[in-house]
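First comes the structure, then the notes that go with it.
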Protein chains: 2
Amino acid sequence: MLVDERQLKDLDQLIGYLGDFWRAQAGVRASGKIAPASSKSAEEEIRAERLPENPQPLSTLVDAINRLIVPNVVKNAHPLFLGYVTPPSTDIGALGAAISSILNQNVMFSKTSPIGTAIEQKVVDWLADTVGYGPARGGIITNGGSLANLYGLAVARRNMLGANVNEVGNDADPRCLRIYCSRFTHHSIDKAAILMGMGKQSIVRINSDSCHQVIISELRERVAADFARKGYRPVALVGNAGTRHVCAFDDLESLRQIADEFNLWLHVDAAYGGFLRLADNPPPQLAALSKADSVTISPHKLLFVPFDAGAFLVRDKQALRNTFGTEGEYRSVEEPPSDDFADLGIQLGRGMEALKVWLTFKYFGTKLLAKEYTRLMNLATFLKDIVQADPRLELLAPVAGTVVCFRWVGSSCIPGEYIASINAGIPKMLRQEGTAFIDEVVLDGKRGFRVCMTNFRTQEGHLRDLVNRVLSLGEQLS
Amino acid sequence: MLVDERQLKDLDQLIGYLGDFWRAQAGVRASGKIAPASSKSAEEEIRAERLPENPQPLSTLVDAINRLIVPNVVKNAHPLFLGYVTPPSTDIGALGAAISSILNQNVMFSKTSPIGTAIEQKVVDWLADTVGYGPARGGIITNGGSLANLYGLAVARRNMLGANVNEVGNDADPRCLRIYCSRFTHHSIDKAAILMGMGKQSIVRINSDSCHQVIISELRERVAADFARKGYRPVALVGNAGTRHVCAFDDLESLRQIADEFNLWLHVDAAYGGFLRLADNPPPQLAALSKADSVTISPHKLLFVPFDAGAFLVRDKQALRNTFGTEGEYRSVEEPPSDDFADLGIQLGRGMEALKVWLTFKYFGTKLLAKEYTRLMNLATFLKDIVQADPRLELLAPVAGTVVCFRWVGSSCIPGEYIASINAGIPKMLRQEGTAFIDEVVLDGKRGFRVCMTNFRTQEGHLRDLVNRVLSLGEQLS
């Protein structure tokens with residue numbers, strides 16, 4: 001037997017299994033324990049597996065999925081999964097992913113998938129509408145925000161330093177290249193600078209104020225000083241629309257002014273917060289998101305699209321072509337430079353990941369999404385109010401988007417080091433007992449929790465349960 | 001209505017549609033026209049779509065898929081789809097993709113998905129078994145070979161130049177960094193060098209012999225010369241296990257010797273050809289693939305896994321951690337550096353793409369895959385023999401793997417420029433009439449076709465049909 005015969009054998013059985021699995025998951029995913037008490041035995045069984053020599057029947061695979069994977073997943077569809085910005089996926093998104101995998105279009109050139117190319121262009125348009133870009137816009141789907149941030153710095157470097165970057169690299173300007181951002185900017189910016197051969201030293205982190213927004217006066221001073229300093233070349237600013245720690249929004253309007261004054265590229269990491277621009281009452285800083293030269297926005301975050309689905313957008317498509325165009329490598333000499341996605345990023349062979357995003361926008365529409373984002377922001381305010389009303393809890397940062405950071409402080413004078421260890425213990429115990437999943441955070445030296453409202457299943461009652469459980473665990477640990 | 005209610009409404013209908021779609025595709029994908037005669041009206045309809053404000057019913061979406069997408073896909077599941085290395089996807093792979101999308105695990109840290117982490121580690125193990133790596137091996141799933149090649153150069157730079165690369169970038173060594181490869185090496189290596197701030201100038205392309213293998217003596221001479229030259233720093237060699245044009249295999253054993261002699265990193269791009277190591281009679285050069293320091297191998301190529309699924313492997317996992325480890329950014333100080341996938345690549349949030357690879361290895365097993373690869377290599381020999389036996393056709397390169405490059409030359413003395421334009425016309429006409437999909441190639445100034453045997457549905461009879469059609473189109477155009 002060869003692949004084709006094996007392939008054709010049990011399609012009906014396979015489709016039947018998927019349907020049953022999906023229906024069962026609809027209930028299971030959202031109830032019971034969030035995280036497995038222990039997945040050690042399943043992990044050990046997987047670790048002991050040898051590279052299979054003989055075909056295993058579908059029933060064996062189904063058993064492996066049901067026995068090893070299903071009981072051991074971390075249920076981000078559970079209403080009390082509030083850790084990281086990892087929302088549950090929607091069924092329509094999963095349908096899109098399944099169809100893309102069946103059709104297996106290669107969206108590298110228009111000729112390898114004209115329709116896949118049209119769909120991705122449309123999705124880029126809609127994401128660009130979301131951030132407010134005009135008609136010159138361009139962009140591409142990526143596997144997440146980190147790759148999109150890498151594209152942001154690469155496009156900045158190429159377009160500020162010129163075409164010679166592609167030939168001679170960073171030596172196109174012998175000066176020290178500098179990129180400026182707030183100290184709360186995501187570490188993917190550092191990873192990008194490392195990969196780009198500029199090193200972490202090229203990232204200048206500026207202080208933030210108590211709202212976690214970059215301090216504009218300090219930023220301006222630092223840029224001006226480097227601008228005047230021999231041997232230094234300011235290249236770009238990176239703004240935040242939803243910081244990793246507390247979902248803060250930088251003053252993008254002022255960043256734009258500084259960028260214009262010193263001729264810098266402005267990239268904004270809106271992977272998480274960019275979608276809130278659609279909310280009824282969006283964070284005011286998002287009005288100026290449209291003025292960024294490039295933007296990271298991730299559909300696998302607040303568009304609830306299954307992994308992987310990030311996106312990188314530019315105000316002027318030519319900037320992207322300049323950076324990633326392959327100059328005829330894969331096309332006949334007579335073919336002109338194109339809008340093929342192979343020329344707009346580093347991938348060559350690439351699937352129709354845009355389909356799940358296209359279906360998601362259609363299935364929900366912006367009005368429903370606006371209501372959902374408004375609801376999530378209101379949930380954050382709801383939790384903030386509970387925290388502020390209870391003397392046993394301390395809010396660790398203002399709430400600007402959908403993240404609430406707080407810690408347990410107890411009711412009496414407990415020494416600082418005990419408080420830290422109690423707050424370190426609480427998220428671990430919540431995960432172990434499987435009642436809630438929240439992330440840890442340290443802000444101004446205070447260890448506490450980061451609760452991300454990105455889950456369309458979470459209701460006010462769940463947040464009350466969370467707070468009550470945090471209070472009793474704090475009590476119990478102290 | 002909000003996302004959760006909308007989400008729960010029509011799951012049964014959605015599952016029913018997917019099943020019908022999948023069953024219908026099983027037949028449709030493999031017959032009829034390969035490429036749409038024109039998808040212009042569908043593309044225009046998509047281009048005219050406005051960002052949806054109101055939710056569209058599932059039936060409208062189903063209609064859009066059936067009317068706009070399905071008739072306009074390029075059917076890489078058709079037996080005469082032989083263009084590029086884009087095989088049809090398998091049903092088991094699509095099942096894996098669907099399940100991953102439903103569960104939506106975030107495989108960034110062990111704590112966000114212990115079971116997803118175990119599955120990806122196992123898949124890395126099996127891919128490492130395929131290339132012959134020992135127990136110290138490590139690796140990660142990527143979105144394709146281009147990203148994996150970027151990782152290859154990044155890991156080479158970091159591990160040859162030291163930890164200071166992460167701090168100061170390419171200036172860690174003030175000399176001109178140089179990477180050596182054959183002139184037929186994939187252009188993703190250039191794109192990687194550009195992104196890494198070294199520019200295209202850092203890539204030294206060495207001549208290849210008539211078999212498209214890098215000329216070892218020239219490579220050694222060039223490395224030795226740069227090694228002795230003030231201001232130059234040879235860093236890495238890039239070998240090929242399946243070149244883009246003709247699927248040639250470099251002499252990896254000799255590359256290893258040169259790498260050892262001059263203390264260079266050896267990265268091998270085996271995105272396409274690496275899996276042939278499992279064949280009954282593999283290309284002999286693949287025996288030394290296990291001696292590479294790092295390897296690119298793409299499951300969405302010869303493992304028939306749906307897009308996107310590439311992989312990057314290293315002989316020593318520590319090399320990967322050195323390059324991408326985030327040093328505590330997202331973990332408590334007390335947690336030690338880990339094997340979390342967030343520390344082994346640039347992505348942070350990332351799905352369980354490994355599941356489809358895991359299921360594929362189990363469903364087929366290496367013995368069946370070995371037979372399939374042997375069959376594909378035999379198909380290449382079969383086509384080569386037909387071409388060589390017909391004076392109207394000319395073989396453009398020796399056949400070492402599963403690619404055959406040839407051109408039409410006709411039966412009489414036709415001037416060179418006519419032959420070139422006829423050969424340029426043939427693949428376009430085949431695509432337009434929808435009978436076959438083959439890629440174009442120019443080798444030694446001769447324009448012809450590149451036929452990639454990567455399709456598990458292709459049989460000898462299909463190749464006979466292809467050749468007959470090429471002959472009559474050549475006749476017709478001349």
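Identifiers for the structure tokens are assigned positionally: chains receive A, B, ... in sequence, residues are indexed from 1 per chain, and ligands are indexed from 1 in the order shown.
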In stretch 214-370 of chain B, DSSP alpha helix (DSSP H) residues written as a VMD selection string
chain B and resid 216 to 228 252 to 262 317 to 324 354 to 370
Deliver the residues from the most recent selection as a file, using C-alpha atoms, as a PDB file, in the first residue's frame.
```pdb
ATOM      1  CA  ILE B 216      34.287  21.160  -3.459  1.00  0.00           C
ATOM      2  CA  SER B 217      37.757  22.250  -4.588  1.00  0.00           C
ATOM      3  CA  GLU B 218      36.504  25.746  -5.473  1.00  0.00           C
ATOM      4  CA  LEU B 219      34.627  25.996  -2.191  1.00  0.00           C
ATOM      5  CA  ARG B 220      37.690  24.968  -0.202  1.00  0.00           C
ATOM      6  CA  GLU B 221      39.924  27.409  -2.065  1.00  0.00           C
ATOM      7  CA  ARG B 222      37.553  30.286  -1.535  1.00  0.00           C
ATOM      8  CA  VAL B 223      37.124  29.583   2.162  1.00  0.00           C
ATOM      9  CA  ALA B 224      40.890  29.203   2.600  1.00  0.00           C
ATOM     10  CA  ALA B 225      41.513  32.475   0.769  1.00  0.00           C
ATOM     11  CA  ASP B 226      38.995  34.384   2.906  1.00  0.00           C
ATOM     12  CA  PHE B 227      40.339  32.688   6.018  1.00  0.00           C
ATOM     13  CA  ALA B 228      43.790  34.060   5.235  1.00  0.00           C
ATOM     14  CA  LEU B 252      27.793  16.734   2.509  1.00  0.00           C
ATOM     15  CA  GLU B 253      30.687  14.581   3.728  1.00  0.00           C
ATOM     16  CA  SER B 254      33.192  16.926   2.070  1.00  0.00           C
ATOM     17  CA  LEU B 255      31.319  19.976   3.344  1.00  0.00           C
ATOM     18  CA  ARG B 256      31.671  18.570   6.857  1.00  0.00           C
ATOM     19  CA  GLN B 257      35.419  18.159   6.368  1.00  0.00           C
ATOM     20  CA  ILE B 258      35.820  21.758   5.198  1.00  0.00           C
ATOM     21  CA  ALA B 259      33.659  22.979   8.076  1.00  0.00           C
ATOM     22  CA  ASP B 260      35.852  21.086  10.553  1.00  0.00           C
ATOM     23  CA  GLU B 261      39.070  22.284   8.977  1.00  0.00           C
ATOM     24  CA  PHE B 262      38.104  25.966   9.153  1.00  0.00           C
ATOM     25  CA  LYS B 317      19.921  21.696  21.358  1.00  0.00           C
ATOM     26  CA  GLN B 318      21.999  24.119  23.400  1.00  0.00           C
ATOM     27  CA  ALA B 319      22.914  25.952  20.191  1.00  0.00           C
ATOM     28  CA  LEU B 320      19.251  26.782  19.683  1.00  0.00           C
ATOM     29  CA  ARG B 321      18.696  27.887  23.287  1.00  0.00           C
ATOM     30  CA  ASN B 322      21.760  30.163  23.034  1.00  0.00           C
ATOM     31  CA  THR B 323      20.234  31.897  20.054  1.00  0.00           C
ATOM     32  CA  PHE B 324      16.609  32.357  21.066  1.00  0.00           C
ATOM     33  CA  ALA B 354       3.069  19.551  15.532  1.00  0.00           C
ATOM     34  CA  LEU B 355      -0.097  17.488  15.961  1.00  0.00           C
ATOM     35  CA  LYS B 356      -0.667  17.054  12.225  1.00  0.00           C
ATOM     36  CA  VAL B 357       2.929  15.882  11.829  1.00  0.00           C
ATOM     37  CA  TRP B 358       2.633  13.460  14.755  1.00  0.00           C
ATOM     38  CA  LEU B 359      -0.544  11.920  13.309  1.00  0.00           C
ATOM     39  CA  THR B 360       1.016  11.700   9.834  1.00  0.00           C
ATOM     40  CA  PHE B 361       4.044   9.728  11.030  1.00  0.00           C
ATOM     41  CA  LYS B 362       1.734   7.337  12.898  1.00  0.00           C
ATOM     42  CA  TYR B 363      -0.826   6.947  10.143  1.00  0.00           C
ATOM     43  CA  PHE B 364       1.685   6.091   7.428  1.00  0.00           C
ATOM     44  CA  GLY B 365       4.793   4.841   9.218  1.00  0.00           C
ATOM     45  CA  THR B 366       8.282   4.934   7.745  1.00  0.00           C
ATOM     46  CA  LYS B 367       7.974   1.722   5.716  1.00  0.00           C
ATOM     47  CA  LEU B 368       5.051   2.992   3.657  1.00  0.00           C
ATOM     48  CA  LEU B 369       6.729   6.395   3.297  1.00  0.00           C
ATOM     49  CA  ALA B 370       9.904   4.649   2.128  1.00  0.00           C
TER      50      ALA B 370
END
```
Close residues, A:Phe304 itself excluded, 7 Å, only C-alpha atoms, min 2 positions apart in chain, as a list in words:
Pro87, Pro88, Ser89, Thr90, Pro299, His300, Lys301, Leu302 and Pro306 of chain A
Long-range neighbours of B:His187 as a PDB file with N, CA and C atoms, in the first residue's frame, 10 Å cut-off, only C-alpha atoms, 3 positions minimum in chain:
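Below is the file that was written, part21.pdb:
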```
ATOM      1  N   THR A 326      11.833  39.669  -4.197  1.00  0.00           N
ATOM      2  CA  THR A 326      12.899  38.734  -4.550  1.00  0.00           C
ATOM      3  C   THR A 326      13.493  38.996  -5.924  1.00  0.00           C
ATOM      4  N   GLU A 329      13.631  36.110  -8.822  1.00  0.00           N
ATOM      5  CA  GLU A 329      14.186  34.777  -8.589  1.00  0.00           C
ATOM      6  C   GLU A 329      13.264  33.664  -9.067  1.00  0.00           C
ATOM      7  N   TYR A 330      11.985  33.783  -8.753  1.00  0.00           N
ATOM      8  CA  TYR A 330      11.060  32.701  -9.073  1.00  0.00           C
ATOM      9  C   TYR A 330      10.140  33.043 -10.237  1.00  0.00           C
ATOM     10  N   LEU A 348       8.145  31.447   1.547  1.00  0.00           N
ATOM     11  CA  LEU A 348       7.853  31.168   0.144  1.00  0.00           C
ATOM     12  C   LEU A 348       6.587  30.298   0.145  1.00  0.00           C
TER      13      LEU A 348
ATOM     14  N   SER B 146      11.857  28.590   4.637  1.00  0.00           N
ATOM     15  CA  SER B 146      12.557  29.881   4.630  1.00  0.00           C
ATOM     16  C   SER B 146      12.862  30.343   6.053  1.00  0.00           C
ATOM     17  N   ARG B 183      25.835  27.963  -6.137  1.00  0.00           N
ATOM     18  CA  ARG B 183      25.037  28.980  -6.819  1.00  0.00           C
ATOM     19  C   ARG B 183      23.579  28.551  -6.973  1.00  0.00           C
ATOM     20  N   PHE B 184      23.282  27.289  -6.730  1.00  0.00           N
ATOM     21  CA  PHE B 184      21.904  26.829  -6.850  1.00  0.00           C
ATOM     22  C   PHE B 184      21.164  26.800  -5.508  1.00  0.00           C
ATOM     23  N   ASP B 190      19.583  34.173   0.858  1.00  0.00           N
ATOM     24  CA  ASP B 190      19.832  35.609   0.656  1.00  0.00           C
ATOM     25  C   ASP B 190      18.882  36.440   1.513  1.00  0.00           C
ATOM     26  N   LYS B 191      17.599  36.028   1.510  1.00  0.00           N
ATOM     27  CA  LYS B 191      16.621  36.784   2.300  1.00  0.00           C
ATOM     28  C   LYS B 191      16.995  36.757   3.785  1.00  0.00           C
ATOM     29  N   ALA B 192      17.504  35.619   4.238  1.00  0.00           N
ATOM     30  CA  ALA B 192      17.922  35.499   5.636  1.00  0.00           C
ATOM     31  C   ALA B 192      19.092  36.434   5.917  1.00  0.00           C
ATOM     32  N   ALA B 193      20.056  36.453   5.013  1.00  0.00           N
ATOM     33  CA  ALA B 193      21.242  37.306   5.214  1.00  0.00           C
ATOM     34  C   ALA B 193      20.841  38.783   5.237  1.00  0.00           C
ATOM     35  N   ARG B 244      16.661  23.716  -5.275  1.00  0.00           N
ATOM     36  CA  ARG B 244      15.400  24.193  -5.803  1.00  0.00           C
ATOM     37  C   ARG B 244      15.203  23.813  -7.276  1.00  0.00           C
TER      38      ARG B 244
END
```
Nearest residue to A:Arg23 out of B:Asp209, B:Glu120, B:Asp171, B:Asp10, using only C-alpha atoms?
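The answer is B:Asp10, which sits nearest to A:Arg23.
Distances here use only C-alpha atoms; by that measure, the residue among B:Gly199, B:Gly83, B:Gly93, B:Gly310 closest to chain A is B:Gly199.
Note that the spacing between atom CA of A:Ile179 and atom CA of B:Glu167 amounts to 14.1 Å.
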Using only C-alpha atoms, which residues sit within 10 Å of A:Met377 once same-chain residues fewer than 5 positions away are excluded, as a list in words?
Leu276, Ala279, Asn281, Pro282, Pro283, Lys371, Glu372, Phe382, Val399, Ala400, Gly401, Thr402, Val403, Met453 and Thr454 of chain A
When distances are computed from only C-alpha atoms, which of A:Arg233, A:His186, A:Arg277, A:Arg457 shows the smallest separation from chain B?
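With only C-alpha atoms as the atom set, the closest residue is A:Arg457.
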